[in-house]
Amino acid sequence: IIALIGLVEAKAKKDRTLIIGGGVAGIHMGYRLQQRGESTEIWEMSDVLGGKAKVQYEDEGGATLDIGGVFFPTIAYRECFKLFKELGLKNLDDMKRYTNGLNIDPAAACYFANDFNKCDSAMISDEQYTAPIPLLLSSLSRGMLLMQEEGYFGQFVQQTTLLGYDWTSPTFDLGSLAVQTIVNELELYGQLLDTYTDNAYSNPDDLSNPFNKYGFPMNTEATKEYLNQTILEFLRENNMFFFRALAEYYHERQGYGLFEDTPLYYFAMWFSPQLVQLVIKVVTQSRLPEEFDGWTYLIKRGVAGLLNLMVVEADLNVLFQRKVTEVKSVD
C-alpha cells in the first residue's frame with residue numbers, strides 16, 4: 001500500500017511535525033512519531049481517513065467496500081503482521097483467513113465450461129455461471145478470453161500444435177497446457193528483466209543482490225527506459241496472456257492500479273524473483289509442505305479500521321477538510 005504524503009517541519013511555540021495526508025503512510029508516520037514522544041498534527045483534505053485505502057459506502061445502511069489493500073499474505077507482509085499484533089489484532093475476532101477461490105465473471109466461466117465459440121457474454125446470466133473456482137482455473141479461462149479479444153488465440157493453437165498438443169483429441173488436457181504456458185511466461189518474464197536487475201532472476205536466492213533484497217532495479221539509463229513502459233505494453237509485446245490473467249487478479253484487486261496505467265518498474269519491484277519462484281511452485285504443485293509460509297488474511301474492520309486504531313492508540317490530532325495549497329520554505 002503506497003500513499004503519497006508531504007512532511008513539513010513547523011516551528012511554533014514548541015516543535016511539532018505537520019503531516020499532510022491522512023492515508024496509510026500519514027497515519028502510520030504520525031503513530032510512530034507520537035510513540036517517540038514527538039508532537040504531530042495531521043491534515044487530511046477529505047472528511048475520512050484512508051486516502052487510496054478508504055472505505056466506500058454504497059448508501060446508508062448498504063454494502064461497504066474497502067478499496068485499498070485487502071489481502072495480507074504472511075509471506076510478504078511480515079511488518080504489517082507485527083503492527084497488527086502490536087494493535088491487538090491477533091485472533092479470529094479481528095482477522096479472517098482467505099481461502100484460494102473466487103467468483104469469476106460469467107463470460108469467463110462460460111468459456112471455461114463450454115466450447116470457446118458458444119459464449120455470448122450478453123446472453124449469460126450471473127446466476128448460471130458465477131461460481132467459486134480455484135484461482136488457477138480462473139486464470140486459464142481469463143487468459144483464453146484475453147487471447148480471443150486480442151486476436152492471438154489462433155496463433156496460440158498453431159504454436160502449441162507444433163509442440164505436440166492435439167487440440168482435436170478427446171483426451172486433450174487444456175489445464176496442463178495452461179500450467180506449462182504460465183511457467184514458460186514466468187520464466188520469460190525473468191529472462192527479460194534479468195539484464196535490468198543485475199541477474200537477480202537467474203539467482204533469486206542471492207540476497208547480496210540489492211534487487212533480490214529490496215526490489216529496486218539497476219540505476220542505469222537503459223533500465224529506466226525499458227521499465228518506463230506500462231505493464232500492459234510489456235505483457236502484450238511478449239504475448240503473456242495466462243501470466244497476465246494471474247497477475248492482474250492480485251495487482252488490480254489489491255488497489256495497485258491498472259496495468260494500462262502502471263509502469264513496468266513498479267510491477268518489477270512487486271513481482272520479485274522470489275515471488276516468481278513461489279508462483280511456479282504453486283501452479284506446478286511442487287511446493288513442499290515445509291516451504292509453506294502461512295495463510296493470507298483479511299482485516300475484518302478493513303484498512304480504515306486499522307487506521308482508526310492507530311489514531312486512538314496514539315491519540316493523534318487529525319484535522320479534516322484541511323487542503324494544502326502552497327508550501328513555503330522559511331529560514
# chains A, B, ... in the order shown; residues from 1 in each chain; ligands from 1

$ residues_around --residues "range 156-166 of chain A" --least-positions-apart "4" --cutoff "10 Å" --atoms "only C-alpha atoms" --output "ChimeraX atom specification"
/A:144,147,151-152,170-174,177,181,239

$ select_by_dssp --residues "range 187-268 of chain A" --states "helix (DSSP H, G or I)" --output "short mmCIF file (atom, residue, chain, number, x, y, z; two decimals) with all heavy atoms, in the first residue's frame"
data_model
loop_
_atom_site.label_atom_id
_atom_site.label_comp_id
_atom_site.auth_asym_id
_atom_site.auth_seq_id
_atom_site.Cartn_x
_atom_site.Cartn_y
_atom_site.Cartn_z
N GLU A 187 9.05 -17.70 -16.68
CA GLU A 187 10.49 -17.81 -16.94
C GLU A 187 10.94 -16.75 -17.95
O GLU A 187 12.01 -16.17 -17.81
CB GLU A 187 10.80 -19.22 -17.44
CG GLU A 187 10.64 -20.28 -16.36
CD GLU A 187 10.85 -21.69 -16.87
OE1 GLU A 187 10.84 -21.88 -18.12
OE2 GLU A 187 11.01 -22.61 -16.04
N LEU A 188 10.11 -16.50 -18.97
CA LEU A 188 10.44 -15.45 -19.95
C LEU A 188 10.46 -14.09 -19.28
O LEU A 188 11.34 -13.25 -19.57
CB LEU A 188 9.42 -15.47 -21.09
CG LEU A 188 9.57 -14.36 -22.15
CD1 LEU A 188 10.93 -14.45 -22.83
CD2 LEU A 188 8.45 -14.45 -23.17
N TYR A 189 9.51 -13.83 -18.40
CA TYR A 189 9.46 -12.57 -17.64
C TYR A 189 10.78 -12.36 -16.90
O TYR A 189 11.37 -11.28 -16.95
CB TYR A 189 8.28 -12.62 -16.67
CG TYR A 189 8.27 -11.56 -15.59
CD1 TYR A 189 7.87 -10.25 -15.86
CD2 TYR A 189 8.64 -11.86 -14.29
CE1 TYR A 189 7.85 -9.28 -14.87
CE2 TYR A 189 8.62 -10.91 -13.29
CZ TYR A 189 8.23 -9.62 -13.58
OH TYR A 189 8.21 -8.66 -12.60
N GLY A 190 11.26 -13.42 -16.23
CA GLY A 190 12.53 -13.31 -15.51
C GLY A 190 13.71 -13.08 -16.43
O GLY A 190 14.59 -12.28 -16.14
N GLN A 191 13.72 -13.77 -17.57
CA GLN A 191 14.81 -13.60 -18.52
C GLN A 191 14.87 -12.18 -19.07
O GLN A 191 15.95 -11.60 -19.22
CB GLN A 191 14.64 -14.59 -19.67
CG GLN A 191 14.83 -16.05 -19.27
CD GLN A 191 14.37 -17.01 -20.36
OE1 GLN A 191 14.09 -16.61 -21.49
NE2 GLN A 191 14.29 -18.30 -20.03
N LEU A 192 13.71 -11.61 -19.37
CA LEU A 192 13.67 -10.25 -19.94
C LEU A 192 14.10 -9.20 -18.93
O LEU A 192 14.66 -8.17 -19.30
CB LEU A 192 12.26 -9.95 -20.45
CG LEU A 192 11.80 -10.76 -21.66
CD1 LEU A 192 10.31 -10.56 -21.92
CD2 LEU A 192 12.62 -10.38 -22.90
N LEU A 193 13.83 -9.44 -17.64
CA LEU A 193 14.18 -8.45 -16.61
C LEU A 193 15.57 -8.67 -16.03
O LEU A 193 16.08 -7.81 -15.30
CB LEU A 193 13.15 -8.47 -15.48
CG LEU A 193 11.75 -7.94 -15.83
CD1 LEU A 193 10.87 -7.91 -14.59
CD2 LEU A 193 11.83 -6.54 -16.42
N ASP A 194 16.18 -9.81 -16.31
CA ASP A 194 17.48 -10.14 -15.72
C ASP A 194 18.52 -9.07 -16.01
O ASP A 194 19.30 -8.69 -15.14
CB ASP A 194 17.96 -11.48 -16.27
CG ASP A 194 18.42 -12.42 -15.16
OD1 ASP A 194 18.00 -12.21 -14.00
OD2 ASP A 194 19.20 -13.33 -15.45
N PRO A 210 21.01 -6.30 -4.42
CA PRO A 210 20.02 -5.34 -3.90
C PRO A 210 18.62 -5.55 -4.45
O PRO A 210 17.64 -5.31 -3.75
CB PRO A 210 20.58 -3.98 -4.33
CG PRO A 210 22.05 -4.21 -4.48
CD PRO A 210 22.19 -5.61 -4.98
N PHE A 211 18.50 -6.03 -5.69
CA PHE A 211 17.16 -6.23 -6.23
C PHE A 211 16.44 -7.35 -5.49
O PHE A 211 15.26 -7.25 -5.16
CB PHE A 211 17.21 -6.55 -7.73
CG PHE A 211 15.83 -6.69 -8.33
CD1 PHE A 211 15.11 -5.56 -8.69
CD2 PHE A 211 15.24 -7.93 -8.48
CE1 PHE A 211 13.83 -5.68 -9.22
CE2 PHE A 211 13.96 -8.06 -9.01
CZ PHE A 211 13.26 -6.92 -9.37
N ASN A 212 17.14 -8.45 -5.24
CA ASN A 212 16.52 -9.55 -4.51
C ASN A 212 16.13 -9.15 -3.09
O ASN A 212 15.12 -9.60 -2.56
CB ASN A 212 17.48 -10.75 -4.45
CG ASN A 212 17.44 -11.58 -5.71
OD1 ASN A 212 16.44 -11.60 -6.42
ND2 ASN A 212 18.53 -12.25 -6.03
N LYS A 213 16.94 -8.30 -2.49
CA LYS A 213 16.70 -7.94 -1.10
C LYS A 213 15.68 -6.82 -0.95
O LYS A 213 14.83 -6.85 -0.07
CB LYS A 213 18.02 -7.55 -0.45
CG LYS A 213 17.95 -7.46 1.08
CD LYS A 213 19.34 -7.30 1.67
CE LYS A 213 19.29 -7.31 3.19
NZ LYS A 213 20.64 -7.16 3.77
N TYR A 214 15.74 -5.82 -1.84
CA TYR A 214 14.89 -4.64 -1.67
C TYR A 214 13.93 -4.40 -2.82
O TYR A 214 13.00 -3.60 -2.69
CB TYR A 214 15.77 -3.39 -1.49
CG TYR A 214 16.69 -3.46 -0.29
CD1 TYR A 214 18.06 -3.60 -0.46
CD2 TYR A 214 16.17 -3.40 1.00
CE1 TYR A 214 18.91 -3.68 0.63
CE2 TYR A 214 17.02 -3.48 2.10
CZ TYR A 214 18.38 -3.61 1.91
OH TYR A 214 19.21 -3.69 2.98
N GLU A 221 20.47 4.16 -17.36
CA GLU A 221 19.56 4.78 -18.31
C GLU A 221 18.78 3.73 -19.10
O GLU A 221 17.60 3.90 -19.41
CB GLU A 221 20.33 5.69 -19.26
CG GLU A 221 20.86 6.97 -18.61
CD GLU A 221 19.74 7.81 -17.99
OE1 GLU A 221 18.69 7.95 -18.64
OE2 GLU A 221 19.93 8.31 -16.87
N ALA A 222 19.45 2.63 -19.46
CA ALA A 222 18.77 1.56 -20.20
C ALA A 222 17.64 0.96 -19.37
O ALA A 222 16.56 0.66 -19.89
CB ALA A 222 19.78 0.48 -20.58
N THR A 223 17.89 0.80 -18.07
CA THR A 223 16.87 0.25 -17.18
C THR A 223 15.67 1.19 -17.08
O THR A 223 14.52 0.76 -17.18
CB THR A 223 17.45 0.01 -15.77
OG1 THR A 223 18.52 -0.94 -15.86
CG2 THR A 223 16.39 -0.52 -14.82
N LYS A 224 15.96 2.47 -16.92
CA LYS A 224 14.88 3.46 -16.80
C LYS A 224 14.03 3.48 -18.06
O LYS A 224 12.80 3.54 -18.00
CB LYS A 224 15.47 4.85 -16.53
CG LYS A 224 16.15 4.98 -15.18
CD LYS A 224 16.79 6.35 -15.03
CE LYS A 224 17.56 6.46 -13.73
NZ LYS A 224 18.26 7.76 -13.60
N GLU A 225 14.69 3.42 -19.21
CA GLU A 225 13.96 3.46 -20.47
C GLU A 225 13.09 2.21 -20.65
O GLU A 225 11.93 2.30 -21.04
CB GLU A 225 14.94 3.59 -21.64
CG GLU A 225 14.26 3.69 -23.00
CD GLU A 225 15.24 3.88 -24.14
OE1 GLU A 225 16.45 4.05 -23.86
OE2 GLU A 225 14.81 3.84 -25.30
N TYR A 226 13.66 1.05 -20.36
CA TYR A 226 12.92 -0.21 -20.56
C TYR A 226 11.76 -0.34 -19.58
O TYR A 226 10.65 -0.73 -19.96
CB TYR A 226 13.88 -1.39 -20.40
CG TYR A 226 13.25 -2.72 -20.74
CD1 TYR A 226 13.08 -3.11 -22.07
CD2 TYR A 226 12.81 -3.59 -19.75
CE1 TYR A 226 12.51 -4.33 -22.41
CE2 TYR A 226 12.24 -4.81 -20.07
CZ TYR A 226 12.08 -5.18 -21.40
OH TYR A 226 11.50 -6.38 -21.71
N LEU A 227 11.99 -0.02 -18.33
CA LEU A 227 10.97 -0.22 -17.30
C LEU A 227 9.96 0.92 -17.24
O LEU A 227 9.03 0.88 -16.43
CB LEU A 227 11.62 -0.40 -15.93
CG LEU A 227 12.52 -1.63 -15.79
CD1 LEU A 227 13.02 -1.76 -14.36
CD2 LEU A 227 11.80 -2.90 -16.22
N ILE A 231 2.91 -1.90 -17.76
CA ILE A 231 2.83 -3.35 -17.60
C ILE A 231 2.10 -3.97 -18.78
O ILE A 231 2.52 -5.00 -19.32
CB ILE A 231 2.11 -3.71 -16.28
CG1 ILE A 231 2.82 -3.09 -15.09
CG2 ILE A 231 2.01 -5.22 -16.11
CD1 ILE A 231 2.04 -3.22 -13.79
N LEU A 232 1.01 -3.33 -19.20
CA LEU A 232 0.21 -3.88 -20.29
C LEU A 232 1.00 -3.91 -21.59
O LEU A 232 0.92 -4.89 -22.35
CB LEU A 232 -1.07 -3.06 -20.46
CG LEU A 232 -2.08 -3.59 -21.48
CD1 LEU A 232 -2.51 -5.01 -21.12
CD2 LEU A 232 -3.29 -2.68 -21.58
N GLU A 233 1.78 -2.87 -21.87
CA GLU A 233 2.60 -2.85 -23.08
C GLU A 233 3.60 -4.00 -23.07
O GLU A 233 3.80 -4.68 -24.08
CB GLU A 233 3.34 -1.51 -23.18
CG GLU A 233 2.44 -0.33 -23.53
CD GLU A 233 3.16 1.00 -23.41
OE1 GLU A 233 4.17 1.07 -22.68
OE2 GLU A 233 2.72 1.97 -24.06
N PHE A 234 4.20 -4.23 -21.94
CA PHE A 234 5.19 -5.31 -21.80
C PHE A 234 4.54 -6.68 -22.01
O PHE A 234 5.06 -7.51 -22.75
CB PHE A 234 5.82 -5.23 -20.41
CG PHE A 234 6.68 -6.41 -20.05
CD1 PHE A 234 7.98 -6.50 -20.52
CD2 PHE A 234 6.19 -7.42 -19.24
CE1 PHE A 234 8.78 -7.59 -20.19
CE2 PHE A 234 6.98 -8.52 -18.91
CZ PHE A 234 8.28 -8.60 -19.39
N LEU A 235 3.39 -6.92 -21.37
CA LEU A 235 2.72 -8.21 -21.47
C LEU A 235 2.21 -8.47 -22.89
O LEU A 235 2.31 -9.58 -23.41
CB LEU A 235 1.57 -8.29 -20.48
CG LEU A 235 1.96 -8.24 -18.99
CD1 LEU A 235 0.73 -8.13 -18.11
CD2 LEU A 235 2.76 -9.48 -18.61
N ARG A 236 1.68 -7.42 -23.52
CA ARG A 236 1.18 -7.58 -24.89
C ARG A 236 2.32 -7.85 -25.87
O ARG A 236 2.21 -8.70 -26.76
CB ARG A 236 0.42 -6.32 -25.31
CG ARG A 236 -1.02 -6.26 -24.83
CD ARG A 236 -1.67 -4.97 -25.23
NE ARG A 236 -3.11 -4.99 -25.00
CZ ARG A 236 -3.88 -3.91 -25.03
NH1 ARG A 236 -3.34 -2.71 -25.26
NH2 ARG A 236 -5.19 -4.01 -24.83
N GLU A 237 3.41 -7.11 -25.72
CA GLU A 237 4.54 -7.27 -26.64
C GLU A 237 5.08 -8.68 -26.60
O GLU A 237 5.54 -9.21 -27.62
CB GLU A 237 5.65 -6.27 -26.27
CG GLU A 237 6.88 -6.36 -27.15
CD GLU A 237 7.97 -5.40 -26.72
OE1 GLU A 237 7.72 -4.56 -25.83
OE2 GLU A 237 9.08 -5.50 -27.27
N PHE A 242 -1.78 -15.86 -20.02
CA PHE A 242 -2.12 -16.57 -18.79
C PHE A 242 -1.45 -15.90 -17.58
O PHE A 242 -2.06 -15.73 -16.53
CB PHE A 242 -1.70 -18.04 -18.88
CG PHE A 242 -2.53 -18.84 -19.85
CD1 PHE A 242 -1.92 -19.62 -20.82
CD2 PHE A 242 -3.91 -18.82 -19.78
CE1 PHE A 242 -2.67 -20.35 -21.72
CE2 PHE A 242 -4.67 -19.55 -20.68
CZ PHE A 242 -4.05 -20.32 -21.64
N PHE A 243 -0.19 -15.52 -17.76
CA PHE A 243 0.51 -14.80 -16.70
C PHE A 243 -0.18 -13.47 -16.41
O PHE A 243 -0.33 -13.07 -15.25
CB PHE A 243 1.96 -14.58 -17.12
CG PHE A 243 2.77 -13.72 -16.18
CD1 PHE A 243 2.63 -13.84 -14.81
CD2 PHE A 243 3.68 -12.80 -16.67
CE1 PHE A 243 3.38 -13.05 -13.94
CE2 PHE A 243 4.43 -12.01 -15.83
CZ PHE A 243 4.28 -12.14 -14.45
N ARG A 244 -0.62 -12.81 -17.46
CA ARG A 244 -1.35 -11.54 -17.30
C ARG A 244 -2.62 -11.74 -16.48
O ARG A 244 -2.93 -10.95 -15.58
CB ARG A 244 -1.67 -10.97 -18.67
CG ARG A 244 -2.56 -9.73 -18.65
CD ARG A 244 -2.77 -9.25 -20.08
NE ARG A 244 -3.91 -8.37 -20.22
CZ ARG A 244 -4.38 -7.95 -21.41
NH1 ARG A 244 -3.79 -8.32 -22.52
NH2 ARG A 244 -5.42 -7.14 -21.46
N ALA A 245 -3.37 -12.81 -16.79
CA ALA A 245 -4.60 -13.08 -16.07
C ALA A 245 -4.33 -13.37 -14.60
O ALA A 245 -5.04 -12.90 -13.71
CB ALA A 245 -5.32 -14.26 -16.71
N LEU A 246 -3.28 -14.13 -14.33
CA LEU A 246 -2.93 -14.47 -12.96
C LEU A 246 -2.46 -13.24 -12.19
O LEU A 246 -2.89 -12.98 -11.05
CB LEU A 246 -1.82 -15.52 -12.97
CG LEU A 246 -1.34 -16.05 -11.61
CD1 LEU A 246 -2.41 -16.90 -10.96
CD2 LEU A 246 -0.05 -16.86 -11.79
N ALA A 247 -1.60 -12.43 -12.83
CA ALA A 247 -1.01 -11.27 -12.15
C ALA A 247 -2.03 -10.15 -11.94
O ALA A 247 -2.01 -9.48 -10.91
CB ALA A 247 0.18 -10.75 -12.95
N GLU A 248 -2.92 -9.93 -12.91
CA GLU A 248 -3.87 -8.83 -12.78
C GLU A 248 -4.85 -9.07 -11.63
O GLU A 248 -5.34 -8.12 -11.02
CB GLU A 248 -4.63 -8.59 -14.09
CG GLU A 248 -5.69 -9.60 -14.43
CD GLU A 248 -6.41 -9.30 -15.74
OE1 GLU A 248 -5.99 -8.36 -16.47
OE2 GLU A 248 -7.38 -10.01 -16.03
N TYR A 249 -5.12 -10.34 -11.33
CA TYR A 249 -6.01 -10.63 -10.21
C TYR A 249 -5.43 -10.07 -8.92
O TYR A 249 -6.10 -9.38 -8.15
CB TYR A 249 -6.23 -12.14 -10.07
CG TYR A 249 -6.98 -12.50 -8.80
CD1 TYR A 249 -8.35 -12.27 -8.69
CD2 TYR A 249 -6.31 -13.03 -7.71
CE1 TYR A 249 -9.03 -12.57 -7.53
CE2 TYR A 249 -6.99 -13.33 -6.55
CZ TYR A 249 -8.35 -13.10 -6.47
OH TYR A 249 -9.01 -13.40 -5.30
N TYR A 250 -4.15 -10.35 -8.68
CA TYR A 250 -3.50 -9.86 -7.46
C TYR A 250 -3.26 -8.35 -7.53
O TYR A 250 -3.47 -7.63 -6.55
CB TYR A 250 -2.17 -10.58 -7.25
CG TYR A 250 -2.31 -12.01 -6.81
CD1 TYR A 250 -1.99 -13.05 -7.67
CD2 TYR A 250 -2.78 -12.33 -5.55
CE1 TYR A 250 -2.12 -14.38 -7.28
CE2 TYR A 250 -2.91 -13.65 -5.15
CZ TYR A 250 -2.58 -14.67 -6.01
OH TYR A 250 -2.73 -15.97 -5.62
N HIS A 251 -2.79 -7.88 -8.66
CA HIS A 251 -2.36 -6.49 -8.78
C HIS A 251 -3.53 -5.51 -8.74
O HIS A 251 -3.57 -4.60 -7.90
CB HIS A 251 -1.58 -6.32 -10.09
CG HIS A 251 -0.97 -4.98 -10.27
ND1 HIS A 251 0.29 -4.67 -9.81
CD2 HIS A 251 -1.43 -3.85 -10.85
CE1 HIS A 251 0.57 -3.42 -10.11
NE2 HIS A 251 -0.45 -2.90 -10.74
N GLU A 252 -4.51 -5.68 -9.62
CA GLU A 252 -5.60 -4.71 -9.73
C GLU A 252 -6.56 -4.82 -8.56
O GLU A 252 -7.07 -3.82 -8.07
CB GLU A 252 -6.32 -4.90 -11.06
CG GLU A 252 -5.43 -4.60 -12.26
CD GLU A 252 -6.14 -4.78 -13.59
OE1 GLU A 252 -7.35 -5.11 -13.58
OE2 GLU A 252 -5.49 -4.60 -14.63
N ARG A 253 -6.81 -6.04 -8.09
CA ARG A 253 -7.77 -6.20 -7.00
C ARG A 253 -7.19 -5.81 -5.65
O ARG A 253 -7.89 -5.77 -4.66
CB ARG A 253 -8.30 -7.63 -7.00
CG ARG A 253 -9.29 -7.88 -8.13
CD ARG A 253 -9.40 -9.34 -8.50
NE ARG A 253 -10.33 -9.54 -9.62
CZ ARG A 253 -10.05 -9.27 -10.88
NH1 ARG A 253 -8.88 -8.79 -11.19
NH2 ARG A 253 -10.93 -9.49 -11.84
N LEU A 264 6.11 -0.56 -15.76
CA LEU A 264 6.68 -1.89 -15.51
C LEU A 264 7.63 -1.85 -14.32
O LEU A 264 7.79 -2.84 -13.61
CB LEU A 264 7.41 -2.36 -16.77
CG LEU A 264 8.10 -3.73 -16.72
CD1 LEU A 264 7.09 -4.83 -16.40
CD2 LEU A 264 8.83 -4.01 -18.03
N TYR A 265 8.24 -0.71 -14.09
CA TYR A 265 9.16 -0.53 -12.94
C TYR A 265 8.47 -0.93 -11.64
O TYR A 265 9.03 -1.66 -10.81
CB TYR A 265 9.60 0.94 -12.88
CG TYR A 265 10.45 1.30 -11.68
CD1 TYR A 265 11.84 1.14 -11.73
CD2 TYR A 265 9.88 1.81 -10.53
CE1 TYR A 265 12.62 1.47 -10.65
CE2 TYR A 265 10.66 2.15 -9.44
CZ TYR A 265 12.03 1.97 -9.49
OH TYR A 265 12.80 2.29 -8.41
N TYR A 266 7.24 -0.49 -11.46
CA TYR A 266 6.51 -0.78 -10.23
C TYR A 266 6.22 -2.28 -10.14
O TYR A 266 6.36 -2.89 -9.09
CB TYR A 266 5.21 0.03 -10.21
CG TYR A 266 4.41 -0.13 -8.95
CD1 TYR A 266 4.63 0.70 -7.86
CD2 TYR A 266 3.43 -1.12 -8.83
CE1 TYR A 266 3.90 0.56 -6.69
CE2 TYR A 266 2.70 -1.27 -7.67
CZ TYR A 266 2.94 -0.43 -6.61
OH TYR A 266 2.23 -0.58 -5.45
N PHE A 267 5.80 -2.86 -11.25
CA PHE A 267 5.45 -4.28 -11.27
C PHE A 267 6.69 -5.13 -11.00
O PHE A 267 6.62 -6.14 -10.29
CB PHE A 267 4.85 -4.64 -12.63
CG PHE A 267 4.32 -6.04 -12.72
CD1 PHE A 267 3.15 -6.40 -12.08
CD2 PHE A 267 5.00 -6.99 -13.46
CE1 PHE A 267 2.65 -7.69 -12.18
CE2 PHE A 267 4.51 -8.29 -13.55
CZ PHE A 267 3.33 -8.63 -12.91
N ALA A 268 7.85 -4.73 -11.56
CA ALA A 268 9.08 -5.48 -11.35
C ALA A 268 9.48 -5.50 -9.89
O ALA A 268 10.00 -6.50 -9.38
CB ALA A 268 10.21 -4.88 -12.20
#

$ residues_around --residues "Phe241 in chain A" --least-positions-apart "6" --cutoff "9 Å" --atoms "only C-alpha atoms" --output "list of chain:residue names"
A:Ser139, A:Arg142, A:Gly143, A:Met144, A:Leu145, A:Leu146, A:Met147, A:Ile182, A:Glu185, A:Leu235

$ residues_around --residues "Met310 in chain A" --least-positions-apart "6" --cutoff "9 Å" --atoms "only C-alpha atoms" --output "VMD selection string"
chain A and resid 27 to 28 30 to 31 87 316

$ atom_distance --atom1 "CA of Asp206 in chain A" --atom2 "CA of Val276 in chain A"
14.4 Å

$ decode --residues "range 202-216 of chain A" --atoms "N, CA, C and O atoms" --output "mmCIF file, in the first residue's frame"
data_model
loop_
_atom_site.group_PDB
_atom_site.id
_atom_site.type_symbol
_atom_site.label_atom_id
_atom_site.label_comp_id
_atom_site.auth_asym_id
_atom_site.auth_seq_id
_atom_site.Cartn_x
_atom_site.Cartn_y
_atom_site.Cartn_z
ATOM 1 N N SER A 202 18.174 -14.882 -12.410
ATOM 2 C CA SER A 202 18.989 -16.071 -12.629
ATOM 3 C C SER A 202 19.422 -16.689 -11.311
ATOM 4 O O SER A 202 19.686 -17.894 -11.235
ATOM 5 N N ASN A 203 19.503 -15.869 -10.283
ATOM 6 C CA ASN A 203 19.955 -16.352 -8.972
ATOM 7 C C ASN A 203 19.091 -15.705 -7.891
ATOM 8 O O ASN A 203 19.543 -14.820 -7.158
ATOM 9 N N PRO A 204 17.826 -16.147 -7.749
ATOM 10 C CA PRO A 204 16.886 -15.468 -6.849
ATOM 11 C C PRO A 204 17.229 -15.568 -5.370
ATOM 12 O O PRO A 204 16.717 -14.787 -4.562
ATOM 13 N N ASP A 205 18.101 -16.514 -4.993
ATOM 14 C CA ASP A 205 18.432 -16.685 -3.573
ATOM 15 C C ASP A 205 19.635 -15.862 -3.133
ATOM 16 O O ASP A 205 20.024 -15.892 -1.964
ATOM 17 N N ASP A 206 20.218 -15.119 -4.064
ATOM 18 C CA ASP A 206 21.381 -14.294 -3.736
ATOM 19 C C ASP A 206 20.916 -12.982 -3.099
ATOM 20 O O ASP A 206 20.625 -12.010 -3.790
ATOM 21 N N LEU A 207 20.849 -12.953 -1.771
ATOM 22 C CA LEU A 207 20.342 -11.768 -1.078
ATOM 23 C C LEU A 207 21.370 -10.654 -0.989
ATOM 24 O O LEU A 207 21.080 -9.584 -0.452
ATOM 25 N N SER A 208 22.589 -10.889 -1.507
ATOM 26 C CA SER A 208 23.551 -9.784 -1.590
ATOM 27 C C SER A 208 23.207 -8.872 -2.759
ATOM 28 O O SER A 208 23.678 -7.748 -2.836
ATOM 29 N N ASN A 209 22.374 -9.361 -3.664
ATOM 30 C CA ASN A 209 21.909 -8.557 -4.792
ATOM 31 C C ASN A 209 20.816 -7.603 -4.289
ATOM 32 O O ASN A 209 19.793 -8.054 -3.763
ATOM 33 N N PRO A 210 21.015 -6.295 -4.419
ATOM 34 C CA PRO A 210 20.023 -5.342 -3.902
ATOM 35 C C PRO A 210 18.624 -5.555 -4.450
ATOM 36 O O PRO A 210 17.638 -5.307 -3.749
ATOM 37 N N PHE A 211 18.500 -6.032 -5.686
ATOM 38 C CA PHE A 211 17.155 -6.233 -6.227
ATOM 39 C C PHE A 211 16.441 -7.355 -5.490
ATOM 40 O O PHE A 211 15.263 -7.254 -5.156
ATOM 41 N N ASN A 212 17.142 -8.452 -5.237
ATOM 42 C CA ASN A 212 16.522 -9.555 -4.509
ATOM 43 C C ASN A 212 16.129 -9.153 -3.093
ATOM 44 O O ASN A 212 15.122 -9.604 -2.559
ATOM 45 N N LYS A 213 16.939 -8.300 -2.494
ATOM 46 C CA LYS A 213 16.698 -7.943 -1.097
ATOM 47 C C LYS A 213 15.681 -6.824 -0.953
ATOM 48 O O LYS A 213 14.833 -6.853 -0.066
ATOM 49 N N TYR A 214 15.737 -5.819 -1.835
ATOM 50 C CA TYR A 214 14.891 -4.641 -1.669
ATOM 51 C C TYR A 214 13.925 -4.398 -2.819
ATOM 52 O O TYR A 214 12.996 -3.604 -2.695
ATOM 53 N N GLY A 215 14.135 -5.038 -3.956
ATOM 54 C CA GLY A 215 13.201 -4.881 -5.066
ATOM 55 C C GLY A 215 13.452 -3.682 -5.947
ATOM 56 O O GLY A 215 12.556 -3.223 -6.638
ATOM 57 N N PHE A 216 14.684 -3.127 -5.934
ATOM 58 C CA PHE A 216 14.985 -1.961 -6.767
ATOM 59 C C PHE A 216 15.811 -2.369 -7.983
ATOM 60 O O PHE A 216 16.890 -2.946 -7.829
#
